[in-house]
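Student: File follows, protein_7.pdb with PDB, C-alpha atoms:
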```
MODEL        1
ATOM      1  CA  MET A   1      29.214 -12.420  98.328
ATOM      2  CA  ALA A   2      27.701 -15.908  98.281
ATOM      3  CA  ALA A   3      29.308 -18.573 100.458
ATOM      4  CA  ALA A   4      29.802 -20.828  97.435
ATOM      5  CA  SER A   5      32.005 -18.207  95.735
ATOM      6  CA  ARG A   6      34.339 -17.887  98.727
ATOM      7  CA  LYS A   7      37.618 -19.739  98.512
ATOM      8  CA  PRO A   8      38.397 -22.342 101.199
ATOM      9  CA  VAL A   9      40.054 -21.048 104.343
ATOM     10  CA  SER A  10      42.538 -22.841 106.575
ATOM     11  CA  CYS A  11      42.296 -22.706 110.365
ATOM     12  CA  ALA A  12      44.544 -19.967 111.741
ATOM     13  CA  TRP A  13      45.680 -22.348 114.493
ATOM     14  CA  CYS A  14      46.007 -25.872 113.075
ATOM     15  CA  GLY A  15      45.742 -25.448 109.300
ATOM     16  CA  ARG A  16      42.719 -27.703 108.764
ATOM     17  CA  ASP A  17      39.953 -26.593 106.407
ATOM     18  CA  VAL A  18      37.369 -24.305 107.989
ATOM     19  CA  ALA A  19      33.699 -24.853 107.205
ATOM     20  CA  SER A  20      32.261 -21.880 105.364
ATOM     21  CA  VAL A  21      29.278 -19.991 106.716
ATOM     22  CA  ALA A  22      26.440 -18.725 104.569
ATOM     23  CA  VAL A  23      26.099 -15.331 106.237
ATOM     24  CA  GLY A  24      28.452 -13.108 108.169
ATOM     25  CA  ARG A  25      32.151 -12.979 108.790
ATOM     26  CA  ARG A  26      34.369 -15.864 107.752
ATOM     27  CA  ARG A  27      35.474 -18.191 110.500
ATOM     28  CA  ARG A  28      39.172 -18.195 111.350
ATOM     29  CA  TYR A  29      39.238 -21.439 113.336
ATOM     30  CA  CYS A  30      37.935 -24.921 112.573
ATOM     31  CA  ARG A  31      36.902 -25.668 116.159
ATOM     32  CA  GLN A  32      36.372 -23.909 119.448
ATOM     33  CA  SER A  33      39.462 -25.646 120.865
ATOM     34  CA  CYS A  34      41.644 -24.059 118.149
ATOM     35  CA  ARG A  35      40.141 -20.680 118.912
ATOM     36  CA  GLN A  36      40.914 -21.211 122.609
ATOM     37  CA  ARG A  37      44.545 -22.273 121.921
ATOM     38  CA  ALA A  38      45.050 -19.160 119.777
ATOM     39  CA  TYR A  39      43.650 -16.973 122.570
ATOM     40  CA  GLU A  40      45.969 -18.632 125.101
ATOM     41  CA  GLN A  41      48.939 -18.110 122.772
ATOM     42  CA  ARG A  42      48.146 -14.415 122.296
ATOM     43  CA  ASN A  43      47.882 -13.894 126.046
ATOM     44  CA  ALA A  44      51.087 -15.848 126.732
ATOM     45  CA  VAL A  45      53.151 -13.513 124.536
ATOM     46  CA  LYS A  46      51.452 -10.317 125.702
ATOM     47  CA  GLY A  47      54.014  -7.988 127.272
ATOM     48  CA  THR A  48      56.981  -9.793 125.715
ATOM     49  CA  SER A  49      59.098  -9.021 122.669
ATOM     50  CA  ILE A  50      57.489 -11.952 120.825
ATOM     51  CA  PRO A  51      55.002 -10.730 118.210
ATOM     52  CA  ALA A  52      51.374 -11.659 118.895
ATOM     53  CA  ASP A  53      51.091 -13.439 115.553
ATOM     54  CA  ALA A  54      54.272 -15.488 116.057
ATOM     55  CA  VAL A  55      54.012 -19.247 115.877
ATOM     56  CA  VAL A  56      55.655 -20.785 118.913
ATOM     57  CA  LEU A  57      56.228 -24.521 118.678
ATOM     58  CA  THR A  58      57.505 -26.944 121.264
ATOM     59  CA  ALA A  59      60.666 -28.839 120.395
ATOM     60  CA  GLU A  60      58.516 -31.909 119.729
ATOM     61  CA  GLU A  61      56.183 -29.988 117.384
ATOM     62  CA  ALA A  62      59.144 -28.453 115.533
ATOM     63  CA  SER A  63      60.738 -31.874 115.142
ATOM     64  CA  ALA A  64      57.493 -33.377 113.835
ATOM     65  CA  LEU A  65      57.139 -30.518 111.337
ATOM     66  CA  SER A  66      60.719 -31.029 110.190
ATOM     67  CA  ASP A  67      60.042 -34.755 109.735
ATOM     68  CA  ARG A  68      56.906 -34.057 107.676
ATOM     69  CA  MET A  69      58.837 -31.626 105.461
ATOM     70  CA  PHE A  70      61.574 -34.228 104.912
ATOM     71  CA  GLU A  71      58.948 -36.830 103.941
ATOM     72  CA  LEU A  72      57.389 -34.297 101.575
ATOM     73  CA  ARG A  73      60.742 -33.625  99.889
ATOM     74  CA  CYS A  74      61.373 -37.363  99.535
ATOM     75  CA  ALA A  75      57.950 -37.842  97.927
ATOM     76  CA  ALA A  76      58.691 -35.037  95.462
ATOM     77  CA  GLU A  77      62.045 -36.650  94.656
ATOM     78  CA  ASP A  78      60.240 -39.973  94.077
ATOM     79  CA  ILE A  79      58.047 -38.269  91.473
ATOM     80  CA  ALA A  80      61.067 -36.691  89.778
ATOM     81  CA  THR A  81      62.799 -40.094  89.655
ATOM     82  CA  ALA A  82      59.678 -41.789  88.287
ATOM     83  CA  ILE A  83      59.402 -39.159  85.529
ATOM     84  CA  ALA A  84      63.096 -39.553  84.644
ATOM     85  CA  GLU A  85      62.583 -43.332  84.411
ATOM     86  CA  ASP A  86      59.487 -42.924  82.180
ATOM     87  CA  ALA A  87      57.104 -44.455  84.735
ATOM     88  CA  ASP A  88      53.593 -45.223  83.591
ATOM     89  CA  ARG A  89      50.690 -42.913  84.244
ATOM     90  CA  THR A  90      49.161 -44.982  87.068
ATOM     91  CA  GLU A  91      52.424 -44.996  89.036
ATOM     92  CA  LEU A  92      52.808 -41.238  88.583
ATOM     93  CA  THR A  93      49.193 -40.704  89.628
ATOM     94  CA  ASP A  94      49.723 -42.771  92.792
ATOM     95  CA  LEU A  95      52.905 -40.873  93.643
ATOM     96  CA  ALA A  96      51.225 -37.509  93.019
ATOM     97  CA  GLU A  97      48.253 -38.421  95.225
ATOM     98  CA  ARG A  98      50.673 -39.466  97.989
ATOM     99  CA  LEU A  99      52.531 -36.159  97.605
ATOM    100  CA  VAL A 100      49.309 -34.148  97.903
ATOM    101  CA  ALA A 101      48.271 -36.087 101.025
ATOM    102  CA  MET A 102      51.673 -35.487 102.611
ATOM    103  CA  ALA A 103      51.530 -31.789 101.728
ATOM    104  CA  ARG A 104      48.139 -31.475 103.436
ATOM    105  CA  ASP A 105      49.563 -33.162 106.530
ATOM    106  CA  ALA A 106      52.617 -30.900 106.481
ATOM    107  CA  GLU A 107      50.413 -27.784 106.344
ATOM    108  CA  ARG A 108      49.255 -28.508 109.860
ATOM    109  CA  TYR A 109      52.033 -27.081 111.951
ATOM    110  CA  ARG A 110      50.428 -27.777 115.318
TER     111      ARG A 110
ENDMDL
END
```
Can the structure in the file be given as structure tokens, please?

Tutor:
Amino acid sequence: MAAASRKPVSCAWCGRDVASVAVGRRRRYCRQSCRQRAYEQRNAVKGTSIPADAVVLTAEEASALSDRMFELRCAAEDIATAIAEDADRTELTDLAERLVAMARDAERYR
């Protein structure tokens, strides 16, 4: 399969886009540091009842994720309000672009 025909992959650790490679196995991590953090996480839960593929977040990371999800919901509500008020196309385009940017930010859970 050619690299151009492969769909984009998100980093298994941070959620950023992973650069595709022309030959060989697809990369799972965007950087070596993400690969290292994933390794450390797997070893930290080894021998416990926590599944190896579990996502463990600090209270700060969980709070930040919750905040990003709230902002995302508010942006979606802004679009719904703008549609209900018959906003012009440029305003809707701006709101949609902001929503997409926020969604990309929210995808990164670390």

Student: Between atom CA of Arg28 of chain A and atom CA of Ala12 of chain A, what is the distance, to one decimal in Å?

Tutor: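 Taking atom CA of Arg28 of chain A and atom CA of Ala12 of chain A, their separation equals 5.7 Å.
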
Student: For Cys74 of chain A, which residue among A:Cys34, A:Asp17, A:Met102, A:Arg25 is the nearest when counting all atoms listed in the file?

Tutor: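 That would be A:Met102, the residue with the smallest distance to Cys74 of chain A.
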
Student: Between atom CA of Val9 of chain A and atom CA of Ala59 of chain A, what is the spacing in Å?

Tutor: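 Atom-to-atom, atom CA of Ala59 of chain A and atom CA of Val9 of chain A are spaced 27.3 Å apart.
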
Student: Which is closest to Arg68 of chain A among A:Thr93, A:Arg35, A:Ala106, A:Ala87, if we use all atoms listed in the file?

Tutor: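 Looking only at the distances to Arg68 of chain A, the closest residue turns out to be A:Ala106.
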
Student: Any idea what's packed within 10 Å of Ala76 of chain A, counting all atoms listed in the file, ignoring anything in its chain fewer than 2 positions away? Could you give it as a list in words?

Tutor: Phe70, Glu71, Leu72, Arg73, Cys74, Asp78, Ile79, Ala80, Thr81, Ala82, Leu95, Ala96, Arg98, Leu99 and Val100 of chain A

Student: For the selection you just gave me, I'd like the residues written to a file as a CSV table (one decimal), keeping the file's coordinate frame, keeping C-alpha atoms.

Tutor:
```
chain,number,residue,atom,x,y,z
A,70,PHE,CA,61.6,-34.2,104.9
A,71,GLU,CA,58.9,-36.8,103.9
A,72,LEU,CA,57.4,-34.3,101.6
A,73,ARG,CA,60.7,-33.6,99.9
A,74,CYS,CA,61.4,-37.4,99.5
A,78,ASP,CA,60.2,-40.0,94.1
A,79,ILE,CA,58.0,-38.3,91.5
A,80,ALA,CA,61.1,-36.7,89.8
A,81,THR,CA,62.8,-40.1,89.7
A,82,ALA,CA,59.7,-41.8,88.3
A,95,LEU,CA,52.9,-40.9,93.6
A,96,ALA,CA,51.2,-37.5,93.0
A,98,ARG,CA,50.7,-39.5,98.0
A,99,LEU,CA,52.5,-36.2,97.6
A,100,VAL,CA,49.3,-34.1,97.9
```

Student: Could you please determine the separation between atom CA of Pro51 of chain A and atom CA of Asp67 of chain A in Å, to one decimal place?

Tutor: 26.0 Å

Student: With all atoms listed in the file as the counted atoms, please give the residues lying no more than 10 Å from Ala54 of chain A, apart from itself and same-chain residues fewer than 6 positions off, as a VMD selection string.

Tutor: chain A and resid 41 to 42 45

Student: Kindly extract all protein, DNA and RNA residues lying within 7 Å of the coordinates (45.8, -14.3, 117.7) given in the file, considering only C-alpha atoms, and supply them as JSON, numbers by chain.

Tutor: {"A": [38, 39, 42, 52, 53]}

Student: Quick one: which residues end up in the PyMOL selection byres ((chain A and resi 65) around 9) for this structure, as a VMD selection string?

Tutor: chain A and resid 60 to 64 66 to 70 106 to 110

Student: Smallest atom-to-atom distance to Arg31 of chain A: which of A:Leu92, A:Cys11, A:Ile83, A:Val55, using only C-alpha atoms?

Tutor: A:Cys11

Student: Which is closest to Gln32 of chain A among A:Ala44, A:Trp13, A:Pro8, A:Ser20, if we use all atoms listed in the file?

Tutor: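 Using all atoms listed in the file, Gln32 of chain A sits closest to A:Trp13.
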
Student: Produce the centre coordinates and the three edge lengths, each in Å to one decimal, of the box along x, y and z that contains all listed atoms of segment 80-86 of chain A with 6 Å added on each side, as AutoDock Vina command-line options.

Tutor:
```
--center_x 61.2 --center_y -40.0 --center_z 86.0 --size_x 15.7 --size_y 18.6 --size_z 19.6
```

Student: Would you mind telling me which residue in A:Ala103, A:Val56, A:Ala84, A:Ile50 lies nearest to Arg16 of chain A when using only C-alpha atoms?

Tutor: A:Ala103
